[in-house]
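Okay, structure first, notes after.
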Amino acid sequence: MAFGSRAAGKHRGSSRLSKKTAGIAGIAALATTGVVGSFAAPAFAADNNDNSAQDTGLNAVVVADDVAGDIEDQAQAQQHAADAAAAKAAAEAEAKQRAAEAKRMAEARAKAEREAAERAAREAERKRMNTFVSPLADSYVSTSYKAGGSMWSSGSHTGIDFHAASGTVVRAVGMGTVVEAGYGGAYGNNVVIKHADGTYTQYAHMSSLSVRAGQQVSAGQQIGLSGSTGNSSGPHLHFEARSGSEYGSDIDPIAYLRSHGVTV
């Protein structure tokens, strides 16, 4: 009788069935030569009814093969589980790294945006603080600084006069704080503003005022209307630049405006 066999796998030896079959085939071959008869007969004669003694050798081979196969299967299963766990851990580590890098980049972008916004705000504030305009739109200087005459108590003009019809809008030349707003004797209705650089500007002979002392104003903001109040020969705007808030601290208003970018 012929017994089938199968090729051994890549990592495993012959199958359990193949090993068992080979054992039986070997016994059968020995029987045909009489070897089994001469050597095995005494054992069988001792106890012809002891089946366990007859099968002991063959059964041991099969059981050992079964145990070895089970161990190999278990080892392979454990290796597969270990490989899967390692792959999962590597994937999780990579995901964490990507998340950390994405967070770092997002934080860097947010920081850059905040810094850009802060720079823009500082630049806007700097520009606002340093922006100056002429006190009257579309006007010209009708009386120059330090012009002489009996009209002025000091004997000379302490500011400049801008030509203006009564009711023309008068503007703050720059950002600052109003330190005086009201009637100023010979100056008539006047406004004095302190600027961020510590200088002062005065606007006099106005017909009406639009601001009050303590108020914050910006460059170009309306502070009143031109007129001819106080010691005045007719409607115009008297404008002074000062190093201090008091009379007598006047400086050249043309040079002052030009130093702040105003063409006069």
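Numbering starts fresh at 1 for the residues of each chain in the structure tokens, the chains themselves are lettered A, B, ... in the order given, and ligands are numbered from 1 as they appear.
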
### Contact residues around stretch 192-203 of chain A with only C-alpha atoms at 6 Å, ignoring same-chain residues under 2 positions, as a PyMOL selection string
chain A and resi 176-180+190+238-243

Just to be explicit: take each residue in the selection above, keep N, CA, C and O atoms, and write the result as a tab-separated table (two decimals), in the first residue's frame.
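That gives us result.tsv:
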chain	number	residue	atom	x	y	z
A	176	GLY	N	-2.88	115.89	20.24
A	176	GLY	CA	-2.48	116.46	21.51
A	176	GLY	C	-3.65	116.61	22.47
A	176	GLY	O	-4.74	116.07	22.25
A	177	THR	N	-3.39	117.37	23.54
A	177	THR	CA	-4.39	117.60	24.59
A	177	THR	C	-4.68	119.09	24.70
A	177	THR	O	-3.74	119.91	24.77
A	178	VAL	N	-5.93	119.44	24.70
A	178	VAL	CA	-6.32	120.83	24.84
A	178	VAL	C	-6.05	121.27	26.28
A	178	VAL	O	-6.55	120.68	27.23
A	179	VAL	N	-5.22	122.31	26.44
A	179	VAL	CA	-4.91	122.81	27.78
A	179	VAL	C	-5.63	124.13	28.07
A	179	VAL	O	-5.73	124.55	29.22
A	180	GLU	N	-6.15	124.76	27.02
A	180	GLU	CA	-6.92	126.00	27.19
A	180	GLU	C	-7.94	126.12	26.08
A	180	GLU	O	-7.63	125.88	24.91
A	190	ASN	N	-9.79	131.56	22.02
A	190	ASN	CA	-8.58	130.86	21.58
A	190	ASN	C	-8.50	129.46	22.18
A	190	ASN	O	-9.15	129.14	23.18
A	238	HIS	N	-5.04	133.68	13.88
A	238	HIS	CA	-3.70	133.89	14.42
A	238	HIS	C	-3.21	132.54	14.96
A	238	HIS	O	-3.85	131.91	15.79
A	239	PHE	N	-2.06	132.11	14.45
A	239	PHE	CA	-1.50	130.80	14.84
A	239	PHE	C	-0.12	130.99	15.44
A	239	PHE	O	0.73	131.67	14.86
A	240	GLU	N	0.11	130.39	16.62
A	240	GLU	CA	1.41	130.43	17.26
A	240	GLU	C	1.92	129.02	17.56
A	240	GLU	O	1.13	128.12	17.84
A	241	ALA	N	3.26	128.88	17.54
A	241	ALA	CA	3.92	127.66	18.02
A	241	ALA	C	4.77	128.09	19.21
A	241	ALA	O	5.45	129.12	19.16
A	242	ARG	N	4.72	127.29	20.29
A	242	ARG	CA	5.42	127.68	21.52
A	242	ARG	C	6.21	126.50	22.09
A	242	ARG	O	5.83	125.34	21.92
A	243	SER	N	7.27	126.84	22.81
A	243	SER	CA	8.03	125.82	23.54
A	243	SER	C	7.40	125.56	24.91
A	243	SER	O	7.71	124.55	25.54

Exercise: stretch 156-160 of chain A partners within 9 Å, only C-alpha atoms, chain neighbours under 3 positions left out, as a tab-separated table (two decimals) with N, CA and C atoms, in the first residue's frame:
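Resulting contents of selection.tsv:
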chain	number	residue	atom	x	y	z
A	141	VAL	N	-0.34	132.48	4.33
A	141	VAL	CA	0.07	133.37	5.42
A	141	VAL	C	-0.05	134.82	4.96
A	142	SER	N	-0.87	135.58	5.69
A	142	SER	CA	-1.09	137.00	5.33
A	142	SER	C	-0.21	137.94	6.15
A	143	THR	N	0.23	137.53	7.33
A	143	THR	CA	1.15	138.32	8.15
A	143	THR	C	2.22	137.40	8.70
A	144	SER	N	3.47	137.74	8.50
A	144	SER	CA	4.57	136.84	8.85
A	144	SER	C	4.94	136.93	10.33
A	145	TYR	N	5.76	135.99	10.74
A	145	TYR	CA	6.26	135.93	12.12
A	145	TYR	C	7.27	137.07	12.34
A	146	LYS	N	7.18	137.72	13.50
A	146	LYS	CA	8.04	138.81	13.94
A	146	LYS	C	7.84	140.11	13.16
A	147	ALA	N	6.74	140.20	12.42
A	147	ALA	CA	6.43	141.47	11.75
A	147	ALA	C	6.25	142.55	12.81
A	148	GLY	N	6.77	143.77	12.56
A	148	GLY	CA	6.68	144.85	13.54
A	148	GLY	C	5.41	145.67	13.37
A	149	GLY	N	5.02	146.37	14.47
A	149	GLY	CA	3.86	147.23	14.40
A	149	GLY	C	3.30	147.52	15.77
A	150	SER	N	2.51	148.60	15.84
A	150	SER	CA	1.96	149.02	17.13
A	150	SER	C	0.77	148.16	17.56
A	151	MET	N	0.30	147.32	16.67
A	151	MET	CA	-0.84	146.47	17.03
A	151	MET	C	-0.47	145.46	18.11
A	152	TRP	N	0.79	145.12	18.19
A	152	TRP	CA	1.20	144.06	19.12
A	152	TRP	C	1.91	144.67	20.32
A	153	SER	N	1.53	144.23	21.48
A	153	SER	CA	2.07	144.79	22.72
A	153	SER	C	3.56	144.55	22.85
A	202	GLN	N	-1.16	127.51	19.41
A	202	GLN	CA	-2.28	128.37	19.81
A	202	GLN	C	-3.04	128.83	18.57
A	237	LEU	N	-7.04	133.92	11.10
A	237	LEU	CA	-6.62	133.01	12.18
A	237	LEU	C	-5.21	133.38	12.59
A	238	HIS	N	-5.04	133.68	13.88
A	238	HIS	CA	-3.70	133.89	14.42
A	238	HIS	C	-3.21	132.54	14.96
A	239	PHE	N	-2.06	132.11	14.45
A	239	PHE	CA	-1.50	130.80	14.84
A	239	PHE	C	-0.12	130.99	15.44
A	240	GLU	N	0.11	130.39	16.62
A	240	GLU	CA	1.41	130.43	17.26
A	240	GLU	C	1.92	129.02	17.56
A	241	ALA	N	3.26	128.88	17.54
A	241	ALA	CA	3.92	127.66	18.02
A	241	ALA	C	4.77	128.09	19.21
A	247	TYR	N	2.57	132.83	27.28
A	247	TYR	CA	2.93	133.89	26.34
A	247	TYR	C	4.43	134.22	26.49
A	248	GLY	N	5.09	134.45	25.35
A	248	GLY	CA	6.51	134.77	25.38
A	248	GLY	C	7.40	133.58	25.07
A	250	ASP	N	7.12	131.80	22.37
A	250	ASP	CA	6.84	131.51	20.97
A	250	ASP	C	8.12	131.13	20.21
A	251	ILE	N	7.92	130.28	19.20
A	251	ILE	CA	8.98	129.88	18.27
A	251	ILE	C	8.46	130.09	16.86
A	252	ASP	N	9.35	130.05	15.88
A	252	ASP	CA	8.95	130.31	14.50
A	252	ASP	C	7.91	129.28	14.04
A	253	PRO	N	6.67	129.71	13.81
A	253	PRO	CA	5.62	128.75	13.43
A	253	PRO	C	5.81	128.15	12.03
A	254	ILE	N	6.42	128.91	11.10
A	254	ILE	CA	6.67	128.37	9.76
A	254	ILE	C	7.68	127.22	9.85

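One distance worth recording is that between atom CA of A:Ala81 and atom CA of A:Ala95, which is 20.9 Å.
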
### Query
Got a sec to tell me which of stretch 103-246 of chain A DSSP assigns to helix (DSSP H, G or I), as a VMD selection string?
chain A and resid 103 to 130 185 to 187

### Query
Pick the closest to A:Ala213 from A:Val170, A:Leu225, A:Val191, A:Ile71: which is it, counting only C-alpha atoms?
A:Val191

What are the nearest atom pairs, with distances in Å to one decimal, for all residues of stretch 132-250 of chain A that come at most 12 Å from stretch 124-127 of chain A, using only C-alpha atoms, set out by chain and rising residue number as CSV?
residue,atom,partner,partner_atom,distance
A:Phe132,CA,A:Lys127,CA,9.6
A:Gly174,CA,A:Lys127,CA,10.8
A:Met175,CA,A:Lys127,CA,10.4
A:Ala196,CA,A:Arg126,CA,10.6
A:Asp197,CA,A:Arg126,CA,11.9
A:Ser218,CA,A:Glu125,CA,11.3
A:Ala219,CA,A:Lys127,CA,10.6

Just-selected residues, N, CA and C atoms written as a PDB file, in the first residue's frame:
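Generated file (out-v7.pdb):
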ATOM      1  N   PHE A 132       1.076 115.853  10.997  1.00  0.00           N
ATOM      2  CA  PHE A 132       0.689 117.248  11.199  1.00  0.00           C
ATOM      3  C   PHE A 132       0.069 117.797   9.916  1.00  0.00           C
ATOM      4  N   GLY A 174      -1.895 118.913  15.014  1.00  0.00           N
ATOM      5  CA  GLY A 174      -1.383 117.589  15.354  1.00  0.00           C
ATOM      6  C   GLY A 174      -2.113 117.029  16.560  1.00  0.00           C
ATOM      7  N   MET A 175      -1.858 115.752  16.842  1.00  0.00           N
ATOM      8  CA  MET A 175      -2.482 115.110  17.995  1.00  0.00           C
ATOM      9  C   MET A 175      -1.980 115.755  19.282  1.00  0.00           C
ATOM     10  N   ALA A 196       2.582 115.812  21.685  1.00  0.00           N
ATOM     11  CA  ALA A 196       3.348 114.708  22.269  1.00  0.00           C
ATOM     12  C   ALA A 196       4.824 115.041  22.447  1.00  0.00           C
ATOM     13  N   ASP A 197       5.362 115.928  21.630  1.00  0.00           N
ATOM     14  CA  ASP A 197       6.780 116.277  21.731  1.00  0.00           C
ATOM     15  C   ASP A 197       7.050 117.370  22.749  1.00  0.00           C
ATOM     16  N   SER A 218      -6.969 114.975  17.564  1.00  0.00           N
ATOM     17  CA  SER A 218      -6.069 114.377  16.575  1.00  0.00           C
ATOM     18  C   SER A 218      -5.780 115.377  15.474  1.00  0.00           C
ATOM     19  N   ALA A 219      -4.764 115.081  14.684  1.00  0.00           N
ATOM     20  CA  ALA A 219      -4.392 115.976  13.593  1.00  0.00           C
ATOM     21  C   ALA A 219      -5.551 116.125  12.618  1.00  0.00           C
TER      22      ALA A 219
END

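Every residue of stretch 122-196 of chain A with a DSSP assignment of strand (DSSP E), taken from the backbone, is listed as A:Val141, A:Ser142, A:Thr143, A:Ile160, A:Asp161, A:Phe162, A:His163, A:Val169, A:Val170, A:Arg171, A:Gly176, A:Thr177, A:Val178, A:Val179, A:Glu180, A:Ala181, A:Gly182, A:Tyr183, A:Asn189, A:Asn190, A:Val191, A:Val192, A:Ile193, A:Lys194, A:His195.
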
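Nearest-residue note for A:Asn189: choosing from A:Thr131, A:Gln221, A:Thr168, A:Ser232, the minimum distance belongs to A:Ser232, counting only C-alpha atoms.
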
### Task
Can you work out the spacing between atom CA of A:Ser134 and atom CA of A:Gly184 in Å, to one decimal?
22.2 Å

### Query
What is the atom CA of A:Tyr183-atom CA of A:Pro135 distance in Å, reported with one decimal?
19.1 Å
